[in-house]
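Trainee: Sharing coords-v2.txt here; it has compact mmCIF, C-alpha atoms.
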# COMPACT_ATOMS: atom_id res chain seq x y z
CA MET V 1 0.28 -7.03 -14.72
CA LEU V 2 -1.67 -7.49 -11.51
CA VAL V 3 -3.77 -4.32 -11.44
CA THR V 4 -7.50 -5.18 -11.84
CA LYS V 5 -6.71 -8.84 -11.02
CA LYS V 6 -7.38 -10.83 -7.85
CA ALA V 7 -4.54 -10.32 -5.39
CA PRO V 8 -2.53 -13.54 -4.90
CA ASN V 9 -3.29 -14.96 -1.47
CA PHE V 10 -0.51 -15.88 0.95
CA LYS V 11 0.22 -16.91 4.52
CA ALA V 12 3.31 -15.78 6.38
CA LYS V 13 4.78 -15.30 9.82
CA ALA V 14 4.65 -11.72 11.01
CA PHE V 15 5.84 -9.60 13.90
CA HIS V 16 2.85 -7.61 15.16
CA SER V 17 2.03 -5.92 18.46
CA GLY V 18 4.99 -7.49 20.22
CA LYS V 19 4.13 -11.04 19.10
CA ILE V 20 5.00 -13.44 16.32
CA LYS V 21 1.94 -14.84 14.57
CA GLU V 22 0.77 -16.15 11.22
CA VAL V 23 -1.24 -13.84 8.97
CA SER V 24 -2.97 -14.40 5.67
CA LEU V 25 -4.19 -11.91 3.09
CA GLU V 26 -7.52 -13.74 3.27
CA ASP V 27 -7.80 -12.61 6.93
CA TYR V 28 -8.34 -9.09 5.62
CA ARG V 29 -11.04 -9.83 3.02
CA GLY V 30 -13.78 -7.21 3.29
CA HIS V 31 -11.27 -4.45 4.09
CA TRP V 32 -8.99 -2.28 1.99
CA VAL V 33 -5.37 -3.46 2.23
CA VAL V 34 -2.10 -1.68 1.56
CA LEU V 35 0.62 -4.24 0.95
CA CYS V 36 4.13 -2.75 1.07
CA PHE V 37 7.22 -4.67 -0.07
CA TYR V 38 10.72 -3.45 0.75
CA PRO V 39 14.31 -4.78 0.47
CA GLY V 40 15.21 -5.10 4.11
CA ASP V 41 15.21 -3.96 7.71
CA PHE V 42 17.90 -1.49 8.77
CA THR V 43 17.99 0.11 5.31
CA PHE V 44 17.86 3.81 4.51
CA VAL V 45 14.70 4.92 2.67
CA TRP V 46 12.25 2.31 3.97
CA PRO V 47 12.48 3.40 7.66
CA THR V 48 11.27 6.82 6.52
CA GLU V 49 8.37 5.26 4.60
CA ILE V 50 7.26 2.73 7.22
CA SER V 51 7.35 5.33 9.99
CA HIS V 52 5.49 7.86 7.83
CA ILE V 53 2.77 5.27 7.13
CA ALA V 54 2.72 4.25 10.80
CA VAL V 55 2.13 7.83 11.92
CA GLY V 56 -0.92 7.97 9.63
CA TYR V 57 -2.16 4.48 10.53
CA ALA V 58 -4.98 5.72 12.79
CA THR V 59 -6.34 7.77 9.88
CA LEU V 60 -6.05 4.77 7.56
CA GLN V 61 -8.01 2.71 10.08
CA THR V 62 -10.89 5.22 9.97
CA LEU V 63 -11.03 4.51 6.22
CA ASP V 64 -11.18 0.73 6.89
CA VAL V 65 -7.64 0.25 5.57
CA GLU V 66 -5.27 -2.41 6.88
CA VAL V 67 -1.50 -2.28 6.21
CA MET V 68 1.08 -5.04 5.93
CA SER V 69 4.79 -4.66 5.22
CA VAL V 70 6.84 -7.47 3.67
CA SER V 71 10.58 -8.14 3.39
CA VAL V 72 12.86 -11.18 3.25
CA ASP V 73 14.00 -10.53 6.82
CA SER V 74 13.02 -12.88 9.64
CA VAL V 75 10.33 -11.95 12.15
CA PHE V 76 13.14 -11.75 14.74
CA SER V 77 14.91 -9.10 12.64
CA HIS V 78 11.61 -7.19 12.39
CA LYS V 79 11.27 -7.34 16.18
CA VAL V 80 14.79 -6.06 16.82
CA TRP V 81 14.45 -3.32 14.18
CA ASN V 82 11.11 -2.21 15.58
CA GLU V 83 12.54 -2.06 19.10
CA THR V 84 15.88 -0.40 18.29
CA GLU V 85 14.98 2.07 15.52
CA LEU V 86 11.33 2.29 14.50
CA SER V 87 10.04 2.80 18.07
CA LYS V 88 12.26 5.91 18.17
CA MET V 89 10.48 7.26 15.07
CA VAL V 90 6.90 6.27 15.98
CA ASP V 91 5.43 6.09 19.48
CA GLY V 92 4.94 2.42 20.25
CA GLY V 93 6.65 1.29 17.05
CA VAL V 94 4.98 0.02 13.90
CA PRO V 95 1.32 -0.83 14.64
CA PHE V 96 0.69 -3.18 11.70
CA PRO V 97 2.04 -6.65 10.78
CA MET V 98 5.61 -6.87 9.48
CA LEU V 99 5.73 -10.07 7.40
CA SER V 100 8.68 -12.35 6.75
CA ASP V 101 9.09 -13.54 3.14
CA GLN V 102 12.47 -15.27 3.55
CA THR V 103 12.17 -17.40 0.39
CA GLY V 104 10.81 -14.53 -1.72
CA ALA V 105 7.65 -16.54 -2.49
CA ILE V 106 5.25 -13.66 -1.79
CA GLY V 107 7.43 -11.19 -3.65
CA ARG V 108 7.49 -13.50 -6.68
CA MET V 109 3.66 -13.70 -6.67
CA TYR V 110 3.52 -9.91 -6.82
CA GLY V 111 6.37 -9.53 -9.31
CA VAL V 112 8.67 -7.59 -6.98
CA TYR V 113 11.26 -10.21 -6.01
CA ASP V 114 14.71 -9.47 -7.43
CA GLU V 115 16.25 -12.90 -8.11
CA ASP V 116 19.74 -11.42 -8.67
CA VAL V 117 19.91 -9.72 -5.29
CA GLY V 118 17.57 -11.96 -3.29
CA VAL V 119 15.31 -9.22 -1.94
CA ASN V 120 11.92 -7.70 -2.64
CA ILE V 121 12.11 -4.31 -4.33
CA ARG V 122 9.92 -1.51 -3.02
CA GLY V 123 6.41 -2.13 -4.31
CA ARG V 124 3.07 -0.98 -2.92
CA PHE V 125 -0.28 -2.55 -3.80
CA LEU V 126 -3.74 -1.23 -2.94
CA ILE V 127 -6.24 -4.09 -2.66
CA ASP V 128 -9.99 -3.48 -2.44
CA PRO V 129 -12.44 -5.30 -0.09
CA ASP V 130 -13.17 -7.86 -2.83
CA GLY V 131 -9.48 -8.78 -3.00
CA VAL V 132 -8.82 -7.01 -6.33
CA ILE V 133 -5.64 -4.98 -6.85
CA GLN V 134 -6.68 -1.43 -7.74
CA ALA V 135 -3.27 0.28 -7.77
CA ALA V 136 0.41 -0.64 -7.78
CA GLU V 137 3.55 1.44 -7.48
CA VAL V 138 7.11 0.10 -7.76
CA LEU V 139 10.18 2.27 -7.21
CA SER V 140 13.91 1.71 -7.29
CA PRO V 141 15.77 2.19 -3.98
CA PRO V 142 16.78 5.87 -3.90
CA VAL V 143 13.38 7.62 -3.82
CA GLY V 144 10.76 7.22 -1.10
CA ARG V 145 7.05 6.96 -1.80
CA ASN V 146 4.60 9.62 -0.66
CA PRO V 147 2.01 8.52 1.93
CA GLU V 148 -0.13 11.56 1.05
CA GLU V 149 -0.46 10.19 -2.50
CA LEU V 150 -1.40 6.81 -1.06
CA MET V 151 -4.12 8.49 1.03
CA ARG V 152 -5.36 10.40 -2.01
CA GLN V 153 -5.58 7.20 -4.04
CA ILE V 154 -7.42 5.34 -1.28
CA LYS V 155 -10.02 8.11 -1.01
CA ALA V 156 -10.37 8.26 -4.79
CA TYR V 157 -10.91 4.51 -5.18
CA GLN V 158 -13.33 4.47 -2.26
CA HIS V 159 -15.29 7.36 -3.81
CA ASN V 160 -15.39 5.55 -7.16
CA ARG V 161 -16.60 2.35 -5.50
CA LYS V 162 -19.40 4.24 -3.76
CA THR V 163 -20.56 6.53 -6.58
CA GLY V 164 -19.25 5.16 -9.89
CA GLU V 165 -17.73 8.60 -10.56
CA VAL V 166 -14.14 8.84 -11.79
CA MET V 167 -11.47 11.22 -10.58
CA PRO V 168 -9.57 13.45 -13.01
CA SER V 169 -5.84 14.09 -12.79
CA GLY V 170 -4.83 15.83 -9.57
CA TRP V 171 -8.16 15.09 -7.86
CA VAL V 172 -8.27 15.66 -4.11
CA GLU V 173 -11.09 14.90 -1.72
CA GLY V 174 -14.00 17.27 -2.33
CA GLY V 175 -12.73 18.12 -5.81
CA GLN V 176 -14.53 17.82 -9.12
CA THR V 177 -15.35 14.33 -10.33
CA LEU V 178 -16.54 13.09 -13.71
CA LYS V 179 -19.58 10.94 -14.48
CA PRO V 180 -18.71 8.51 -17.27
CA SER V 181 -21.22 8.54 -20.12
CA ASN V 182 -21.35 8.34 -23.91
CA ASP V 183 -21.98 12.10 -23.96
CA LEU V 184 -18.80 12.80 -22.00
CA ALA V 185 -16.57 10.80 -24.39
CA GLY V 186 -14.68 13.31 -26.56
CA HIS V 187 -16.10 16.22 -24.55
CA VAL V 188 -14.15 16.12 -21.29
CA TRP V 189 -12.66 19.48 -22.27
CA GLU V 190 -16.10 21.05 -21.83
CA VAL V 191 -16.23 20.16 -18.14
CA TRP V 192 -12.57 19.88 -17.08
CA GLN V 193 -9.34 21.74 -17.88
CA PRO V 194 -5.85 21.21 -16.48
CA PRO V 195 -4.81 23.84 -13.95
CA LYS V 196 -2.89 26.74 -15.47
CA LYS V 197 0.70 27.19 -14.33
Would you write the structure of this file as structure tokens?
Mentor:
Amino acid sequence: MLVTKKAPNFKAKAFHSGKIKEVSLEDYRGHWVVLCFYPGDFTFVWPTEISHIAVGYATLQTLDVEVMSVSVDSVFSHKVWNETELSKMVDGGVPFPMLSDQTGAIGRMYGVYDEDVGVNIRGRFLIDPDGVIQAAEVLSPPVGRNPEELMRQIKAYQHNRKTGEVMPSGWVEGGQTLKPSNDLAGHVWEVWQPPKK
């Protein structure tokens, strides 16, 4: 399990802002990073996810969050896909690096490379400014992830980092938080109740 552990570092070629360049996770140290793995370009669910994240990228930037997407496709495939499909879903196309992991080496480091099929499965990792993985989500192909939940998690982890408070189930920005203490242990029910249906 990688959550609470140092994120494995990597270098890879990426298609970004119309150019092919090399990027490293280490380049983003000091920032929050969302690392998204997916099976391949020109698939069905991932175009909906990457475009949804791309539309919210400006908001993520205001929270000091960088995004990288990773598949086994070449940077040339990323370029063609961005130009022929993604740019029709997002003005200007995808604004963050699209990494090429053709050997599956990065996917293996993160435990999302499917050796039988030869692709990365859809996994998302939230990495804090110290390079520690705070959250991970892995889904099978048919169901897309929710960028609103990603945003909620980012804000929650950032609030925790700033205040030391923890967020109860269903927390949203501005909602009730909990202050961990010996007195609170066994007494959460006195200060928090699940919403009634």
Trainee: Could you make a table, as CSV, of the residues of segment 116-159 of chain V that have an atom within 9 Å of an atom of segment 169-173 of chain V, each with its nearest atom pair and distance in Å to one decimal, counting all atoms listed in the file, in chain and number order?
Mentor:
residue,atom,partner,partner_atom,distance
V:Arg152,CA,V:Val172,CA,6.4
V:Gln153,CA,V:Val172,CA,8.9
V:Lys155,CA,V:Glu173,CA,6.9
V:Ala156,CA,V:Glu173,CA,7.4
V:His159,CA,V:Glu173,CA,8.9
Trainee: Using all atoms listed in the file, which of the listed residues (V:Gly40, V:Gly118, V:Gly93, V:Gly111) sits closest to Ser77 of chain V?
Mentor: V:Gly40
Trainee: Give one line per residue of segment 56-86 of chain V that approaches segment 95-106 of chain V to at most 7 Å, naming the two atoms of the closest pair and their distance in Å to one decimal, counting all atoms listed in the file; sort by chain then ascending residue number and deliver it as JSON lines.
Mentor:
{"residue": "V:Val67", "atom": "CA", "partner": "V:Phe96", "partner_atom": "CA", "distance": 6.0}
{"residue": "V:Met68", "atom": "CA", "partner": "V:Pro97", "partner_atom": "CA", "distance": 5.2}
{"residue": "V:Ser69", "atom": "CA", "partner": "V:Met98", "partner_atom": "CA", "distance": 4.9}
{"residue": "V:Val70", "atom": "CA", "partner": "V:Leu99", "partner_atom": "CA", "distance": 4.7}
{"residue": "V:Ser71", "atom": "CA", "partner": "V:Asp101", "partner_atom": "CA", "distance": 5.6}
{"residue": "V:Val72", "atom": "CA", "partner": "V:Gln102", "partner_atom": "CA", "distance": 4.1}
{"residue": "V:Asp73", "atom": "CA", "partner": "V:Ser100", "partner_atom": "CA", "distance": 5.6}
{"residue": "V:Ser74", "atom": "CA", "partner": "V:Ser100", "partner_atom": "CA", "distance": 5.2}
{"residue": "V:Val75", "atom": "CA", "partner": "V:Ser100", "partner_atom": "CA", "distance": 5.7}
{"residue": "V:His78", "atom": "CA", "partner": "V:Met98", "partner_atom": "CA", "distance": 6.7}
Trainee: Name the residues in contact with Gly92 of chain V at a cut-off of 10 Å, using only C-alpha atoms, excluding same-chain residues fewer than 6 positions from it; report them as an mmCIF file with C-alpha atoms, in the coordinates of the input.
Mentor:
data_model
loop_
_atom_site.group_PDB
_atom_site.id
_atom_site.type_symbol
_atom_site.label_atom_id
_atom_site.label_comp_id
_atom_site.auth_asym_id
_atom_site.auth_seq_id
_atom_site.Cartn_x
_atom_site.Cartn_y
_atom_site.Cartn_z
ATOM 1 C CA SER V 17 2.030 -5.920 18.460
ATOM 2 C CA GLY V 18 4.990 -7.490 20.220
ATOM 3 C CA ALA V 54 2.720 4.250 10.800
ATOM 4 C CA ASN V 82 11.110 -2.210 15.580
ATOM 5 C CA GLU V 83 12.540 -2.060 19.100
ATOM 6 C CA LEU V 86 11.330 2.290 14.500
#
Trainee: Each residue of segment 92-127 of chain V with at least one atom at most 10 Å from segment 143-151 of chain V should appear once, together with its nearest atom pair and the corresponding distance in Å (one decimal); atoms considered: only C-alpha atoms; ordering: chain, then increasing residue number; output as a tab-separated table.
Mentor:
residue	atom	partner	partner_atom	distance
V:Arg122	CA	V:Gly144	CA	9.0
V:Gly123	CA	V:Arg145	CA	9.5
V:Arg124	CA	V:Arg145	CA	9.0
V:Phe125	CA	V:Leu150	CA	9.8
V:Leu126	CA	V:Leu150	CA	8.6
Trainee: If I take atom CA of Glu26 of chain V and atom CA of Tyr110 of chain V, how far is one from the other in Å, to one decimal?
Mentor: 15.4 Å
Trainee: Do you have the atom CA of Lys5 of chain V-atom CA of Asp128 of chain V distance handy?
Mentor: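 A separation of 10.6 Å between them.
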Trainee: May I ask which of the residues V:Pro39, V:Ile53, V:Val166, V:Glu66 is the closest one to Pro129 of chain V, counting all atoms listed in the file?
Mentor: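 Closest to Pro129 of chain V, using all atoms listed in the file: V:Glu66.
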Trainee: May I have the residues within 8 Å of Pro168 of chain V as an MDAnalysis selection string, using all atoms listed in the file and disregarding those fewer than 6 positions away in the same chain?
Mentor: chainID V and resid 176:178
Trainee: Rank nothing, just name the residue among V:Pro8, V:Pro180, V:Asp64, V:Met109 nearest to Gly30 of chain V, using only C-alpha atoms.
Mentor: V:Asp64
Trainee: Any idea what the distance is between atom CA of Phe44 of chain V and atom CA of Ala7 of chain V?
Mentor: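 Separation between atom CA of Phe44 of chain V and atom CA of Ala7 of chain V: 28.3 Å.
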Trainee: Only N, CA, C and O atoms needed: put segment 1-38 of chain V from the block into a file as a PDB file, in the first residue's frame.
Mentor:
ATOM      1  N   MET V   1       0.847  -1.187   0.000  1.00  0.00           N
ATOM      2  CA  MET V   1       0.000   0.000   0.000  1.00  0.00           C
ATOM      3  C   MET V   1       0.884   1.239   0.000  1.00  0.00           C
ATOM      4  O   MET V   1       1.841   1.331   0.766  1.00  0.00           O
ATOM      5  N   LEU V   2       0.568   2.191  -0.848  1.00  0.00           N
ATOM      6  CA  LEU V   2       1.393   3.382  -0.996  1.00  0.00           C
ATOM      7  C   LEU V   2       0.907   4.580  -0.195  1.00  0.00           C
ATOM      8  O   LEU V   2       1.672   5.516   0.029  1.00  0.00           O
ATOM      9  N   VAL V   3      -0.349   4.575   0.228  1.00  0.00           N
ATOM     10  CA  VAL V   3      -0.868   5.726   0.973  1.00  0.00           C
ATOM     11  C   VAL V   3      -0.060   5.891   2.255  1.00  0.00           C
ATOM     12  O   VAL V   3       0.235   4.913   2.943  1.00  0.00           O
ATOM     13  N   THR V   4       0.301   7.136   2.557  1.00  0.00           N
ATOM     14  CA  THR V   4       1.153   7.580   3.673  1.00  0.00           C
ATOM     15  C   THR V   4       2.637   7.336   3.418  1.00  0.00           C
ATOM     16  O   THR V   4       3.465   7.655   4.254  1.00  0.00           O
ATOM     17  N   LYS V   5       2.993   6.790   2.248  1.00  0.00           N
ATOM     18  CA  LYS V   5       4.391   6.547   1.902  1.00  0.00           C
ATOM     19  C   LYS V   5       4.870   7.597   0.887  1.00  0.00           C
ATOM     20  O   LYS V   5       4.079   8.251   0.225  1.00  0.00           O
ATOM     21  N   LYS V   6       6.179   7.722   0.772  1.00  0.00           N
ATOM     22  CA  LYS V   6       6.783   8.613  -0.218  1.00  0.00           C
ATOM     23  C   LYS V   6       6.391   8.137  -1.614  1.00  0.00           C
ATOM     24  O   LYS V   6       6.481   6.947  -1.918  1.00  0.00           O
ATOM     25  N   ALA V   7       5.955   9.044  -2.448  1.00  0.00           N
ATOM     26  CA  ALA V   7       5.582   8.689  -3.817  1.00  0.00           C
ATOM     27  C   ALA V   7       6.830   8.300  -4.600  1.00  0.00           C
ATOM     28  O   ALA V   7       7.833   9.020  -4.563  1.00  0.00           O
ATOM     29  N   PRO V   8       6.809   7.164  -5.296  1.00  0.00           N
ATOM     30  CA  PRO V   8       7.967   6.778  -6.115  1.00  0.00           C
ATOM     31  C   PRO V   8       8.263   7.835  -7.176  1.00  0.00           C
ATOM     32  O   PRO V   8       7.358   8.274  -7.891  1.00  0.00           O
ATOM     33  N   ASN V   9       9.503   8.246  -7.261  1.00  0.00           N
ATOM     34  CA  ASN V   9       9.873   9.260  -8.246  1.00  0.00           C
ATOM     35  C   ASN V   9      10.029   8.616  -9.624  1.00  0.00           C
ATOM     36  O   ASN V   9      10.264   7.414  -9.738  1.00  0.00           O
ATOM     37  N   PHE V  10       9.878   9.415 -10.658  1.00  0.00           N
ATOM     38  CA  PHE V  10      10.025   8.914 -12.031  1.00  0.00           C
ATOM     39  C   PHE V  10      10.358  10.068 -12.953  1.00  0.00           C
ATOM     40  O   PHE V  10      10.149  11.234 -12.610  1.00  0.00           O
ATOM     41  N   LYS V  11      10.887   9.717 -14.116  1.00  0.00           N
ATOM     42  CA  LYS V  11      11.080  10.652 -15.224  1.00  0.00           C
ATOM     43  C   LYS V  11      10.425  10.027 -16.439  1.00  0.00           C
ATOM     44  O   LYS V  11      10.495   8.811 -16.612  1.00  0.00           O
ATOM     45  N   ALA V  12       9.798  10.852 -17.259  1.00  0.00           N
ATOM     46  CA  ALA V  12       9.153  10.323 -18.457  1.00  0.00           C
ATOM     47  C   ALA V  12       8.993  11.421 -19.492  1.00  0.00           C
ATOM     48  O   ALA V  12       8.953  12.605 -19.151  1.00  0.00           O
ATOM     49  N   LYS V  13       8.873  11.002 -20.750  1.00  0.00           N
ATOM     50  CA  LYS V  13       8.534  11.962 -21.802  1.00  0.00           C
ATOM     51  C   LYS V  13       7.057  12.275 -21.696  1.00  0.00           C
ATOM     52  O   LYS V  13       6.244  11.410 -21.360  1.00  0.00           O
ATOM     53  N   ALA V  14       6.727  13.523 -22.003  1.00  0.00           N
ATOM     54  CA  ALA V  14       5.338  13.960 -21.909  1.00  0.00           C
ATOM     55  C   ALA V  14       5.002  14.887 -23.066  1.00  0.00           C
ATOM     56  O   ALA V  14       5.875  15.589 -23.586  1.00  0.00           O
ATOM     57  N   PHE V  15       3.740  14.870 -23.455  1.00  0.00           N
ATOM     58  CA  PHE V  15       3.220  15.873 -24.382  1.00  0.00           C
ATOM     59  C   PHE V  15       2.558  16.938 -23.526  1.00  0.00           C
ATOM     60  O   PHE V  15       1.690  16.639 -22.702  1.00  0.00           O
ATOM     61  N   HIS V  16       3.003  18.198 -23.685  1.00  0.00           N
ATOM     62  CA  HIS V  16       2.482  19.279 -22.848  1.00  0.00           C
ATOM     63  C   HIS V  16       2.605  20.608 -23.581  1.00  0.00           C
ATOM     64  O   HIS V  16       3.679  20.951 -24.084  1.00  0.00           O
ATOM     65  N   SER V  17       1.498  21.314 -23.664  1.00  0.00           N
ATOM     66  CA  SER V  17       1.476  22.642 -24.296  1.00  0.00           C
ATOM     67  C   SER V  17       2.063  22.620 -25.706  1.00  0.00           C
ATOM     68  O   SER V  17       2.853  23.492 -26.080  1.00  0.00           O
ATOM     69  N   GLY V  18       1.703  21.594 -26.469  1.00  0.00           N
ATOM     70  CA  GLY V  18       2.122  21.515 -27.857  1.00  0.00           C
ATOM     71  C   GLY V  18       3.537  21.014 -28.073  1.00  0.00           C
ATOM     72  O   GLY V  18       3.997  20.953 -29.204  1.00  0.00           O
ATOM     73  N   LYS V  19       4.241  20.654 -26.978  1.00  0.00           N
ATOM     74  CA  LYS V  19       5.630  20.212 -27.106  1.00  0.00           C
ATOM     75  C   LYS V  19       5.839  18.871 -26.428  1.00  0.00           C
ATOM     76  O   LYS V  19       5.084  18.478 -25.542  1.00  0.00           O
ATOM     77  N   ILE V  20       6.902  18.196 -26.831  1.00  0.00           N
ATOM     78  CA  ILE V  20       7.321  16.962 -26.183  1.00  0.00           C
ATOM     79  C   ILE V  20       8.512  17.312 -25.297  1.00  0.00           C
ATOM     80  O   ILE V  20       9.474  17.943 -25.754  1.00  0.00           O
ATOM     81  N   LYS V  21       8.417  16.958 -24.026  1.00  0.00           N
ATOM     82  CA  LYS V  21       9.501  17.268 -23.092  1.00  0.00           C
ATOM     83  C   LYS V  21       9.582  16.189 -22.034  1.00  0.00           C
ATOM     84  O   LYS V  21       8.689  15.349 -21.925  1.00  0.00           O
ATOM     85  N   GLU V  22      10.673  16.215 -21.261  1.00  0.00           N
ATOM     86  CA  GLU V  22      10.813  15.263 -20.168  1.00  0.00           C
ATOM     87  C   GLU V  22      10.334  15.916 -18.879  1.00  0.00           C
ATOM     88  O   GLU V  22      10.644  17.073 -18.620  1.00  0.00           O
ATOM     89  N   VAL V  23       9.557  15.162 -18.094  1.00  0.00           N
ATOM     90  CA  VAL V  23       9.113  15.654 -16.791  1.00  0.00           C
ATOM     91  C   VAL V  23       9.476  14.624 -15.730  1.00  0.00           C
ATOM     92  O   VAL V  23       9.649  13.440 -16.020  1.00  0.00           O
ATOM     93  N   SER V  24       9.596  15.115 -14.517  1.00  0.00           N
ATOM     94  CA  SER V  24       9.910  14.267 -13.376  1.00  0.00           C
ATOM     95  C   SER V  24       8.958  14.640 -12.248  1.00  0.00           C
ATOM     96  O   SER V  24       8.598  15.817 -12.100  1.00  0.00           O
ATOM     97  N   LEU V  25       8.577  13.663 -11.450  1.00  0.00           N
ATOM     98  CA  LEU V  25       7.750  13.974 -10.285  1.00  0.00           C
ATOM     99  C   LEU V  25       8.485  14.955  -9.379  1.00  0.00           C
ATOM    100  O   LEU V  25       7.881  15.844  -8.786  1.00  0.00           O
ATOM    101  N   GLU V  26       9.788  14.812  -9.296  1.00  0.00           N
ATOM    102  CA  GLU V  26      10.601  15.688  -8.445  1.00  0.00           C
ATOM    103  C   GLU V  26      10.471  17.157  -8.851  1.00  0.00           C
ATOM    104  O   GLU V  26      10.616  18.059  -8.019  1.00  0.00           O
ATOM    105  N   ASP V  27      10.167  17.411 -10.130  1.00  0.00           N
ATOM    106  CA  ASP V  27       9.976  18.789 -10.612  1.00  0.00           C
ATOM    107  C   ASP V  27       8.842  19.492  -9.873  1.00  0.00           C
ATOM    108  O   ASP V  27       8.790  20.721  -9.841  1.00  0.00           O
ATOM    109  N   TYR V  28       7.934  18.707  -9.317  1.00  0.00           N
ATOM    110  CA  TYR V  28       6.734  19.269  -8.697  1.00  0.00           C
ATOM    111  C   TYR V  28       6.786  19.278  -7.170  1.00  0.00           C
ATOM    112  O   TYR V  28       5.790  19.574  -6.510  1.00  0.00           O
ATOM    113  N   ARG V  29       7.954  18.922  -6.600  1.00  0.00           N
ATOM    114  CA  ARG V  29       8.098  18.934  -5.143  1.00  0.00           C
ATOM    115  C   ARG V  29       7.756  20.335  -4.628  1.00  0.00           C
ATOM    116  O   ARG V  29       8.121  21.338  -5.222  1.00  0.00           O
ATOM    117  N   GLY V  30       7.030  20.389  -3.523  1.00  0.00           N
ATOM    118  CA  GLY V  30       6.587  21.673  -2.974  1.00  0.00           C
ATOM    119  C   GLY V  30       5.184  22.045  -3.403  1.00  0.00           C
ATOM    120  O   GLY V  30       4.629  23.037  -2.938  1.00  0.00           O
ATOM    121  N   HIS V  31       4.609  21.247  -4.304  1.00  0.00           N
ATOM    122  CA  HIS V  31       3.232  21.462  -4.774  1.00  0.00           C
ATOM    123  C   HIS V  31       2.417  20.195  -4.510  1.00  0.00           C
ATOM    124  O   HIS V  31       2.968  19.108  -4.370  1.00  0.00           O
ATOM    125  N   TRP V  32       1.119  20.332  -4.499  1.00  0.00           N
ATOM    126  CA  TRP V  32       0.235  19.171  -4.495  1.00  0.00           C
ATOM    127  C   TRP V  32       0.216  18.623  -5.912  1.00  0.00           C
ATOM    128  O   TRP V  32       0.265  19.391  -6.875  1.00  0.00           O
ATOM    129  N   VAL V  33       0.150  17.307  -6.045  1.00  0.00           N
ATOM    130  CA  VAL V  33       0.144  16.672  -7.367  1.00  0.00           C
ATOM    131  C   VAL V  33      -0.976  15.643  -7.440  1.00  0.00           C
ATOM    132  O   VAL V  33      -1.156  14.847  -6.509  1.00  0.00           O
ATOM    133  N   VAL V  34      -1.713  15.681  -8.530  1.00  0.00           N
ATOM    134  CA  VAL V  34      -2.687  14.632  -8.835  1.00  0.00           C
ATOM    135  C   VAL V  34      -2.116  13.850 -10.001  1.00  0.00           C
ATOM    136  O   VAL V  34      -1.884  14.389 -11.082  1.00  0.00           O
ATOM    137  N   LEU V  35      -1.849  12.573  -9.747  1.00  0.00           N
ATOM    138  CA  LEU V  35      -1.258  11.684 -10.742  1.00  0.00           C
ATOM    139  C   LEU V  35      -2.336  10.700 -11.183  1.00  0.00           C
ATOM    140  O   LEU V  35      -2.821   9.904 -10.380  1.00  0.00           O
ATOM    141  N   CYS V  36      -2.721  10.781 -12.455  1.00  0.00           N
ATOM    142  CA  CYS V  36      -3.824   9.966 -12.982  1.00  0.00           C
ATOM    143  C   CYS V  36      -3.314   8.953 -13.997  1.00  0.00           C
ATOM    144  O   CYS V  36      -2.767   9.338 -15.038  1.00  0.00           O
ATOM    145  N   PHE V  37      -3.503   7.677 -13.720  1.00  0.00           N
ATOM    146  CA  PHE V  37      -3.180   6.605 -14.656  1.00  0.00           C
ATOM    147  C   PHE V  37      -4.446   6.189 -15.398  1.00  0.00           C
ATOM    148  O   PHE V  37      -5.548   6.205 -14.831  1.00  0.00           O
ATOM    149  N   TYR V  38      -4.274   5.781 -16.656  1.00  0.00           N
ATOM    150  CA  TYR V  38      -5.421   5.311 -17.431  1.00  0.00           C
ATOM    151  C   TYR V  38      -4.938   4.338 -18.504  1.00  0.00           C
ATOM    152  O   TYR V  38      -3.769   4.347 -18.884  1.00  0.00           O
TER     153      TYR V  38
END
